[in-house]
Structures are given as C-alpha cells and as structure tokens.
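Asker: This is the structure I have questions about; it appears just below.
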Amino acid sequence: MRQPSGRRITALVTGVALVAGLSSACGSGGGGDAKKITFWHGYTDVQAETITRLVGEWNGAHPDQKVEPVFSNNDNTLQKTLASFVSGKAPSVAYQYGSSITALTGRHQTQDLTSLVKGSPDIAWNDFFPAAREGATVDGKIYGLPALVDNLGLVYNKKMFDAAGLKYPTPDWTWDDFRNAAKKLSGNDKYGWAYVNDGTEDTVWRFLALLWQAGGDLLDSANKKAAFDSPAGRQAMQLLHDMAVTDKSVYLDTGDQQYLNLFNSGRVGMLWTGPWDLGQINKDVSYGVQYLPAKVTHATISGPDYYMLFDKKATKTAWAFLKWLTSPEIHLRYATQTGDLPLRASEEKLPAYKDYLAKYPGNKVFIDNLSKNVTKARPNIKQYPQISQVLGTAVQAVLLGKKQPQAALADAAKQVDDILAGS
C-alpha cells in the first residue's frame, strides 16, 4: 500500500458518507458507451506521467475502445465511488485500496470478475503473486485485478551500523538479533527502530507481521473469533513492550512520517517499511534492505490494491484495457518508470527485468518476499476496519507503556469477539 503522493495505508473504511451530486467530470462514463470508458486513478508525479503515456498508447492502438483517465485522490475514491452509485454516474474502472473491496462487494454496480478471469486463459491469474490473488477474493469470488502489490522489509542505515560496530542484518536474523542491534544503535537522541504509533492500520500491519513471525493468527479459520490472544500474540506484544518501554530503543512516530527524516539524518537506524520509502531516502545515505527478522518465520505482510469494474455496459472495453495494462510486458515497463514492484512472477523472467533491478536494486528483497515470506493476508471481511481500530489502540497502549501486553491482548480480543458476533 504505497504511501507517498496521497497513498496512505490508513485509508480503511471506518464509515462512509454517501454524498450525491458528484461533478460530471467524476462520473463522465458512468452511463457507459462501450467504446469509451472512464478510468479513475490516484496516480501523481512520475506514476501519473507514466500511466498517461500508457493510456495514450492504448488509445492510439484502439480508436474504438478509448480510455479517459480521471484523477481521483485514492484516499477519497471509495467514498466517491459509493456516491457515484447514488448519482448513477459510476466510473467504468477505478483504482481502489485493497481495504475497500469488502465495502463494495454486494452492490449491484460492483462487477464479479470470476467468470471473466476463469474465461480468459490469457489473463494468467495464477501468474499474479498469491497475496494479490487472495486480496482480490471475497467469499470465493474475484472482484479486482491487481494494480499494486508491496510488503514490508527491514531497511537499515549502514553508517549507523558501522559506527556502532555492528554487522549488517542477514537473511537469518532473529528477533534477538534485531532487539540487540536496536539497543546498541540507541542513545544520545538516536533510536534503533521507528514504529508508527498513531493507532491506525499503519500501526496494526507491522504488529500483524510480528504475530505471523511468531506463528500466530489474527482470527480463527472461520473468521468468527479472535486468535491473537495466544502465545504468539503475547510474544509479539512483549517484544514491542520490551523494545519501546524497557530498552527505549524505538522512536514512536505519530503518523507524520518523521521517521524518514530521522533515518535520513542518522538518528534512526532501522525501519520496517516498503519500496515506497526507498525513493525518499537521501542520495548521500548508504542503506541496505533485508528480510524482516524471524521468531519462527520471516513472515511479512503485503498490501495489494486493485482495479475494479462498475459500469456493466463498458465491460468489454474495460476488461480488454485492464488485461493489457496488467500484462507482464506492459506492467514491467510501468514498474521500471515508477519503482513499483512486479505484479506477476513472469515479469522476473523478461529480458527487461535486469534493467529494472539495476535501477532499483533495493527492491530485490521486497520481490523475493512476495514468493517466500508473504504467506498470509488480512481477512477480507467487512468487520476488519473495526478490528483494526481495536488492535491499533491496544498496540499503541503497549508501546506507550500504558498497558501490559497480556492485558492489552485480552481486552482487545474480547472487543473483537463482540464485533464478530455482531454486538
């Protein structure tokens, strides 16, 4: 879930106001002439430049299947999409956060793409990375084509490691290695690690990686009960407590992304972040990227986003365009310009992939994560935003020393059980 340029992973559905009366620019294509579709996207800067070129290339080759790109800030697209359902001017295609899918399923405008995917061998569905496929699927039905996939890795400041006499992180680093390094990197207004502690999903998804690394789960297999009040959950929460409260080796970011400025200035030694932040690291900062440390596994967490279809009169054109846009060759061209990760395993086999890696060498770990360490996904259930709020508050309380790990987990599990029971 890419963060800069309006991309925020905290944009979960916590309650949507249906606002009717969008401007015609936002909904122009909702009626759906199949020969021209409206494509809502939130791309900015180099991403916007690249997608504009690609759309122009498509339009030049397909004069009877034209695409009209319309900017829609990704943070607001869910609300705008729901409002467009009321106004009757839904977009043909819209870029949506993965967290928005369950808020859109069940509405008659939202297209179930299962038959299109299964009926289109050239889409090569299994070529998309597993995390992206899983995130698009709700109750066995496919509702989106992957638009972006990313994950968390360990990014470290080599100069700070050198000054502390520490060896650089390795692929087999453990939680103990990580904690010990953070302690040695801390002191004199410096911190070993930074953790976003604003209580949002930005707080939660780092905890979920820890939970999974310890062999735990968020919910039971039926998504009916909390499963995180467990030995694995206690180990994960205890590590956060010990590092933040006991060791004082964690900079607690309030959500304003100061962690990146501190990393650039040599005051934070390690980040758990994704490829979106690599381009924001100053050129004079020598850094490395490694897998997240392990307790049982090196599990990480992915945050895929999707292209979704809403205008059934424009399905033929929309589907043809998206198949082209997400094809291995076209997406690798896009990724080489923007720094996004590949969407498909086959992109790594293309001749141009070596040029991509030469341009973005730090992305190699994140790409390897997609096939090696992204083994679980957040549950695609409508209650997830509420669950995230509860867990975010619990993690925040532990990091601030306001609650002990076991008490925080027990209280949060009870609230989550009530949410899942419909209370």
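Residue numbering restarts at 1 for every chain of the structure tokens, chains are lettered A, B, ... in their displayed order, and ligands are numbered from 1 as they appear.
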List the neighbours of Val55 in chain A out to 12 Å using only C-alpha atoms; skip same-chain residues closer than 6 positions along the sequence, and give me the result as a short mmCIF file (atom, residue, chain, number, x, y, z; two decimals) with N, CA, C and O atoms, in the first residue's frame.

Answerer:
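Dumped to out_2.cif:
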```cif
data_model
loop_
_atom_site.label_atom_id
_atom_site.label_comp_id
_atom_site.auth_asym_id
_atom_site.auth_seq_id
_atom_site.Cartn_x
_atom_site.Cartn_y
_atom_site.Cartn_z
N ILE A 37 -14.42 4.44 -22.10
CA ILE A 37 -14.61 4.18 -20.68
C ILE A 37 -13.91 5.25 -19.85
O ILE A 37 -12.97 5.90 -20.30
N THR A 38 -14.40 5.41 -18.62
CA THR A 38 -13.78 6.32 -17.68
C THR A 38 -12.94 5.53 -16.69
O THR A 38 -13.39 4.54 -16.11
N PHE A 39 -11.72 5.98 -16.48
CA PHE A 39 -10.75 5.28 -15.64
C PHE A 39 -10.32 6.23 -14.52
O PHE A 39 -9.56 7.16 -14.72
N HIS A 41 -8.21 7.13 -11.29
CA HIS A 41 -6.95 6.70 -10.68
C HIS A 41 -6.44 7.82 -9.78
O HIS A 41 -6.85 8.98 -9.90
N ALA A 48 1.73 9.30 -12.54
CA ALA A 48 0.73 9.93 -13.41
C ALA A 48 1.27 10.11 -14.83
O ALA A 48 0.56 9.85 -15.81
N GLU A 49 2.51 10.54 -14.93
CA GLU A 49 3.12 10.71 -16.26
C GLU A 49 3.17 9.39 -17.01
O GLU A 49 2.87 9.32 -18.21
N ALA A 61 -3.82 2.78 -30.37
CA ALA A 61 -3.95 1.46 -31.00
C ALA A 61 -5.38 0.94 -30.99
O ALA A 61 -5.69 -0.04 -31.68
N HIS A 62 -6.26 1.57 -30.20
CA HIS A 62 -7.64 1.10 -30.07
C HIS A 62 -8.62 2.28 -30.18
O HIS A 62 -9.23 2.68 -29.19
N PRO A 63 -8.76 2.83 -31.37
CA PRO A 63 -9.63 4.01 -31.53
C PRO A 63 -11.09 3.74 -31.20
O PRO A 63 -11.84 4.70 -30.92
N GLN A 65 -11.99 1.74 -28.65
CA GLN A 65 -12.05 1.34 -27.25
C GLN A 65 -11.24 2.33 -26.41
O GLN A 65 -10.29 1.98 -25.74
N LYS A 66 -11.64 3.57 -26.43
CA LYS A 66 -10.84 4.62 -25.80
C LYS A 66 -11.04 4.68 -24.29
O LYS A 66 -12.12 4.37 -23.77
N VAL A 67 -9.99 5.09 -23.61
CA VAL A 67 -9.97 5.21 -22.16
C VAL A 67 -9.77 6.68 -21.80
O VAL A 67 -8.84 7.32 -22.29
N GLU A 68 -10.63 7.20 -20.93
CA GLU A 68 -10.49 8.57 -20.44
C GLU A 68 -10.02 8.53 -18.99
O GLU A 68 -10.79 8.19 -18.09
N PRO A 69 -8.76 8.89 -18.73
CA PRO A 69 -8.27 8.89 -17.34
C PRO A 69 -8.78 10.11 -16.58
O PRO A 69 -8.78 11.22 -17.10
N VAL A 70 -9.23 9.89 -15.34
CA VAL A 70 -9.74 10.97 -14.49
C VAL A 70 -9.07 10.83 -13.13
O VAL A 70 -9.17 9.79 -12.50
N PHE A 321 -8.78 -3.42 -21.74
CA PHE A 321 -7.76 -2.45 -21.32
C PHE A 321 -6.99 -2.95 -20.10
O PHE A 321 -5.76 -2.87 -20.05
N LEU A 322 -7.70 -3.48 -19.10
CA LEU A 322 -7.02 -3.92 -17.88
C LEU A 322 -6.16 -5.16 -18.13
O LEU A 322 -5.09 -5.30 -17.51
N TRP A 324 -4.53 -5.71 -20.79
CA TRP A 324 -3.33 -5.15 -21.42
C TRP A 324 -2.46 -4.44 -20.39
O TRP A 324 -1.25 -4.65 -20.32
N LEU A 325 -3.08 -3.61 -19.55
CA LEU A 325 -2.34 -2.80 -18.58
C LEU A 325 -1.61 -3.66 -17.56
O LEU A 325 -0.52 -3.30 -17.10
N ILE A 330 3.75 -4.93 -20.26
CA ILE A 330 3.32 -3.54 -20.05
C ILE A 330 3.54 -3.13 -18.60
O ILE A 330 4.03 -2.04 -18.31
N TYR A 334 5.85 -0.12 -16.85
CA TYR A 334 5.34 0.83 -15.88
C TYR A 334 6.21 0.81 -14.62
O TYR A 334 6.61 1.86 -14.10
#
```

Asker: So which one's closest to Gly362 in chain A, A:Gly106, A:Thr170, A:Asp284, A:Gly153? Using only C-alpha atoms, please.

Answerer: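 Smallest separation from Gly362 in chain A among the options: A:Gly153.
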
Asker: Can you work out which one of A:Gly56, A:Pro275, A:Gly392, A:Pro130 has the shortest atom-to-atom distance to Leu341 in chain A, counting only C-alpha atoms?

Answerer: A:Pro275

Asker: Against range 206-230 of chain A, which residues of range 300-391 of chain A fall within 9 Å? For each one I want the closest pair of atoms and the distance in Å (one decimal), counting only C-alpha atoms, rows by chain and increasing residue number, as a tab-separated table.

Answerer:
```
residue	atom	partner	partner_atom	distance
A:Thr300	CA	A:Ala209	CA	5.0
A:Ile301	CA	A:Ala209	CA	5.7
A:Thr375	CA	A:Trp212	CA	8.9
A:Lys376	CA	A:Trp212	CA	7.9
A:Arg378	CA	A:Leu218	CA	8.0
A:Pro379	CA	A:Asn223	CA	7.5
A:Ile381	CA	A:Asn223	CA	8.1
A:Leu391	CA	A:Phe207	CA	8.9
```

Asker: Could you find all residues in range 52-228 of chain A that DSSP calls alpha helix (DSSP H) from the backbone, and write them as a PyMOL selection string?

Answerer: chain A and resi 52-61+77-87+101-104+114-118+130-135+158-163+175-185+201-213

Asker: Mind checking which residues fall within 7 Å of Asp247 in chain A, counting only C-alpha atoms, ignoring those fewer than 4 positions away in the same chain, and posting them as a list in words?

Answerer: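 Contacts, with the query itself left out: Lys183, Asp242 and Met243 of chain A.
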
Asker: So which bits of range 212-413 of chain A end up strand (DSSP E or B) when you DSSP the backbone, as a PDB file with C-alpha atoms, in the first residue's frame?

Answerer:
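Listing of result_19.pdb after writing:
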```pdb
ATOM      1  CA  LEU A 219      -8.598 -14.673  13.703  1.00  0.00           C
ATOM      2  CA  ALA A 226     -10.080 -13.530  17.801  1.00  0.00           C
ATOM      3  CA  VAL A 250      12.071   2.768  19.492  1.00  0.00           C
ATOM      4  CA  TYR A 251      11.121   6.139  18.060  1.00  0.00           C
ATOM      5  CA  LEU A 252       7.329   6.294  18.208  1.00  0.00           C
ATOM      6  CA  ASP A 253       6.167   8.135  15.116  1.00  0.00           C
ATOM      7  CA  VAL A 268      17.041   6.146  13.363  1.00  0.00           C
ATOM      8  CA  GLY A 269      18.938   3.011  12.425  1.00  0.00           C
ATOM      9  CA  MET A 270      16.206   0.664  11.167  1.00  0.00           C
ATOM     10  CA  LEU A 271      12.785   0.921   9.557  1.00  0.00           C
ATOM     11  CA  TRP A 272      10.143  -1.656   8.764  1.00  0.00           C
ATOM     12  CA  THR A 273       8.880  -0.142   5.562  1.00  0.00           C
ATOM     13  CA  TYR A 287      21.344   1.865   3.250  1.00  0.00           C
ATOM     14  CA  GLY A 288      20.570  -1.818   2.879  1.00  0.00           C
ATOM     15  CA  VAL A 289      17.381  -3.869   2.637  1.00  0.00           C
ATOM     16  CA  GLN A 290      16.858  -7.247   4.290  1.00  0.00           C
ATOM     17  CA  ALA A 294      12.278 -14.110  12.468  1.00  0.00           C
ATOM     18  CA  SER A 302       1.501  -7.287   1.776  1.00  0.00           C
ATOM     19  CA  ASP A 305      -4.584  -2.550  -4.350  1.00  0.00           C
ATOM     20  CA  TYR A 306      -6.918  -3.239  -7.259  1.00  0.00           C
ATOM     21  CA  TYR A 307      -8.644  -2.071 -10.410  1.00  0.00           C
ATOM     22  CA  MET A 308     -12.388  -2.685 -10.058  1.00  0.00           C
ATOM     23  CA  LEU A 309     -15.160  -2.514 -12.661  1.00  0.00           C
ATOM     24  CA  ARG A 344       3.454 -11.183 -11.664  1.00  0.00           C
TER      25      ARG A 344
END
```

Asker: Out of A:Asp311, A:Asp198, A:Asp177, A:Asp64, which residue has the shortest atom-to-atom distance to Asp112 in chain A when counting only C-alpha atoms?

Answerer: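 Among the listed residues, the smallest separation from Asp112 in chain A belongs to A:Asp311.
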
Asker: Under the rule that only C-alpha atoms are counted, which of A:Leu239, A:Val398, A:Leu113, A:Ala408 is the nearest residue to Gly144 in chain A?

Answerer: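 Closest residue, counting only C-alpha atoms: A:Leu113.
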
Asker: Kindly indicate which residue among A:Gly140, A:Gly255, A:Pro361, A:Gly187 lies nearest to Leu278 in chain A, using only C-alpha atoms for the distances.

Answerer: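 Among the listed residues, A:Pro361 lies closest to Leu278 in chain A.
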
Asker: Can you pull out the residues contacting Phe263 in chain A? Cut-off 10 Å, using only C-alpha atoms, and skip same-chain residues under 4 positions away; I want them as JSON, numbers by chain.

Answerer: {"A": [155, 156, 157, 160, 190, 191, 192, 193, 194, 258, 259, 267, 268, 269, 270, 271, 281, 282, 285, 287]}

Asker: So how far away is CA of His241 in chain A from CA of Gly401 in chain A, in Å?

Answerer: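 Spanning CA of Gly401 in chain A to CA of His241 in chain A is a straight-line distance of 7.1 Å.
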
Asker: Check the smallest atom-to-atom distance from each of A:Ala320, A:Leu332, A:Ala352, A:Ala421 to Leu148 in chain A using only C-alpha atoms, then report the winner.

Answerer: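 Smallest distance to Leu148 in chain A is found for A:Leu332.
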
Asker: Residues near Asn126 in chain A, anyone? I mean within 12 Å using only C-alpha atoms, not counting same-chain ones fewer than 6 positions away, as a ChimeraX atom specification.

Answerer: /A:117-118,120,132-134,145-146,343-346

Asker: May I have the residues within 9 Å of Trp40 in chain A as a list of chain:residue names, using only C-alpha atoms and disregarding those fewer than 2 positions away in the same chain?

Answerer: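 So the residues in contact are A:Cys26, A:Thr38, A:Gly42, A:Glu68, A:Pro69, A:Val70, A:Phe71, A:Ser72, A:Asn73, A:Thr77, A:Pro91, A:Ser92, A:Val93, A:Ala94, A:Tyr95.
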
Asker: State, in Å with one decimal place, the distance from CA of Ala131 in chain A to CA of Val374 in chain A.

Answerer: 6.7 Å
